[in-house]
Amino acid sequence: MNVAILGQNGGWHTESLRGALARRGLSAECYPVTHLTARVAGLPRLTAATAPLDDCDVVFVRAIPSGSLEQVVYRMDALRMLEHGGVRVVNSAIAIEHGVDKYYTSARLHDAGLPTPRTVVAERFEEALAAYEELGGDVVVKPMFGSEGRGIVRVSDIDTAYRVFRALELGRYIYCVQEFVPHGREDIRAFVIGERVIGAMRRRGQGWKTNAAQGAIGEPMELADHLVDLSLRATRVVGAEHAGVDILPGDDGEYSVIEVNTIPGWRALREATGVDAAQCLVDHVLEGVGWSG
């Protein structure tokens, strides 16, 4: 059984995956996704550094760094071709694409009948300013692609909205404007693998952001059945094998899915709950490929 990891060599998540694989009698090398070389009408079809990935049975994807449009498209295409060659890529390229695109995820969640905040996405300054008013004058402005709460700002003043949107205009960014949902500085992270939620935590932030990377503290929680169902359905919407589903509890007692992370971190989950997501993920994937070691 040949296994590789695309991510940060020596990073915490890489090492937790390696440890989980070692407990199943397997080892895995880790390579940066920026080191991929693809060949057409030549072999090997895809290498990472000089290592052929064609020979792998499973490739775990732990990081897709930012880059130019060409770089990102090429990396996704390379993962797709690896899948076409019979390699199991976890998560798949299409699931990663769906999860990282905040507009696409929100639209798919809504179309599937799942509660998610009202969102307006536009290219022009005028439409962004109109969206600010349409959504009640208290909004969250998000980068289309991002993680860990970086670059997300809350805007509840028209003059601030004007300056923020003008600044984004200079960089030719897409405006992704979402209504702010009062949530008492807390949210829920449910971790899904396959068809079950392996663990969940309530995250309490120091401010309105509730990401662990922004200083939020996690505490274990048992999800009610309707939240388990919500998490599983959200994961299916993006086609992921595993995901971190972020759920906002509203002041009105209702819940909204705000993100489905398809390269989710699990360090905070382990600290809060003791659940070893890396081992659960490895066991799930190895069972799927018929490995019994």
# chains A, B, ... in the order shown; residues from 1 in each chain; ligands from 1
call {"tool": "residues_around", "arguments": {"residues": "Asn2 (chain A)", "least_positions_apart": "3", "cutoff": "12 Å", "atoms": "only C-alpha atoms", "output": "list in words"}}
result
Ile5, Leu21, Gly25, Leu26, Ser27, Ala28, Glu29, Ala51, Pro52, Leu53, Asp54, Asp55, Cys56, Asp57, Val58, Val59, Phe60, Val87, Arg88, Leu286, Val289 and Trp291 of chain A
call {"tool": "write_last_selection", "arguments": {"atoms": "C-alpha atoms", "output": "PDB file, in the first residue's frame"}}
result
ATOM      1  CA  ILE A   5       0.612  13.382   1.697  1.00  0.00           C
ATOM      2  CA  LEU A  21      -0.765   5.527   9.230  1.00  0.00           C
ATOM      3  CA  GLY A  25       1.650  -0.426   9.504  1.00  0.00           C
ATOM      4  CA  LEU A  26       2.095   2.177   6.758  1.00  0.00           C
ATOM      5  CA  SER A  27       4.433   5.085   6.082  1.00  0.00           C
ATOM      6  CA  ALA A  28       3.961   8.164   3.917  1.00  0.00           C
ATOM      7  CA  GLU A  29       6.202  10.819   2.469  1.00  0.00           C
ATOM      8  CA  ALA A  51       8.515  10.851  -6.538  1.00  0.00           C
ATOM      9  CA  PRO A  52       5.925   9.295  -8.872  1.00  0.00           C
ATOM     10  CA  LEU A  53       2.416   9.730  -7.508  1.00  0.00           C
ATOM     11  CA  ASP A  54       0.940   7.418 -10.151  1.00  0.00           C
ATOM     12  CA  ASP A  55       2.074   4.481  -8.020  1.00  0.00           C
ATOM     13  CA  CYS A  56       0.160   5.655  -4.954  1.00  0.00           C
ATOM     14  CA  ASP A  57      -3.023   3.992  -3.781  1.00  0.00           C
ATOM     15  CA  VAL A  58      -4.010   6.986  -1.623  1.00  0.00           C
ATOM     16  CA  VAL A  59      -2.958  10.641  -1.569  1.00  0.00           C
ATOM     17  CA  PHE A  60      -4.090  12.805   1.351  1.00  0.00           C
ATOM     18  CA  VAL A  87      -5.497   6.998  -7.219  1.00  0.00           C
ATOM     19  CA  ARG A  88      -7.819   7.789  -4.325  1.00  0.00           C
ATOM     20  CA  LEU A 286      -8.062   2.296   4.407  1.00  0.00           C
ATOM     21  CA  VAL A 289      -9.521   0.619  -0.294  1.00  0.00           C
ATOM     22  CA  TRP A 291      -6.479  -2.481   3.514  1.00  0.00           C
TER      23      TRP A 291
END
call {"tool": "select_by_dssp", "arguments": {"residues": "region 131-230 of chain A", "states": "strand (DSSP E or B)", "output": "PyMOL selection string"}}
result
chain A and resi 139-142+153-155+175-179+186-193+196-204+217-220
call {"tool": "residues_around", "arguments": {"residues": "Asp111 (chain A)", "least_positions_apart": "3", "cutoff": "12 Å", "atoms": "only C-alpha atoms", "output": "MDAnalysis selection string"}}
result
chainID A and resid 104:108 114:116 233:234 237:238
call {"tool": "closest_residue", "arguments": {"among": "A:Met81, A:His13, A:Val61, A:Arg203", "to": "Val40 (chain A)", "atoms": "only C-alpha atoms"}}
result
A:Met81
call {"tool": "residues_around", "arguments": {"residues": "Phe125 (chain A)", "least_positions_apart": "5", "cutoff": "9 Å", "atoms": "only C-alpha atoms", "output": "list in words"}}
result
Ala130, Tyr162, Phe165, Arg166, Leu168, Glu169 and Tyr175 of chain A
call {"tool": "closest_residue", "arguments": {"among": "A:Gly19, A:Gly215, A:Pro264, A:Gly10", "to": "Ala240 (chain A)", "atoms": "only C-alpha atoms"}}
result
A:Pro264
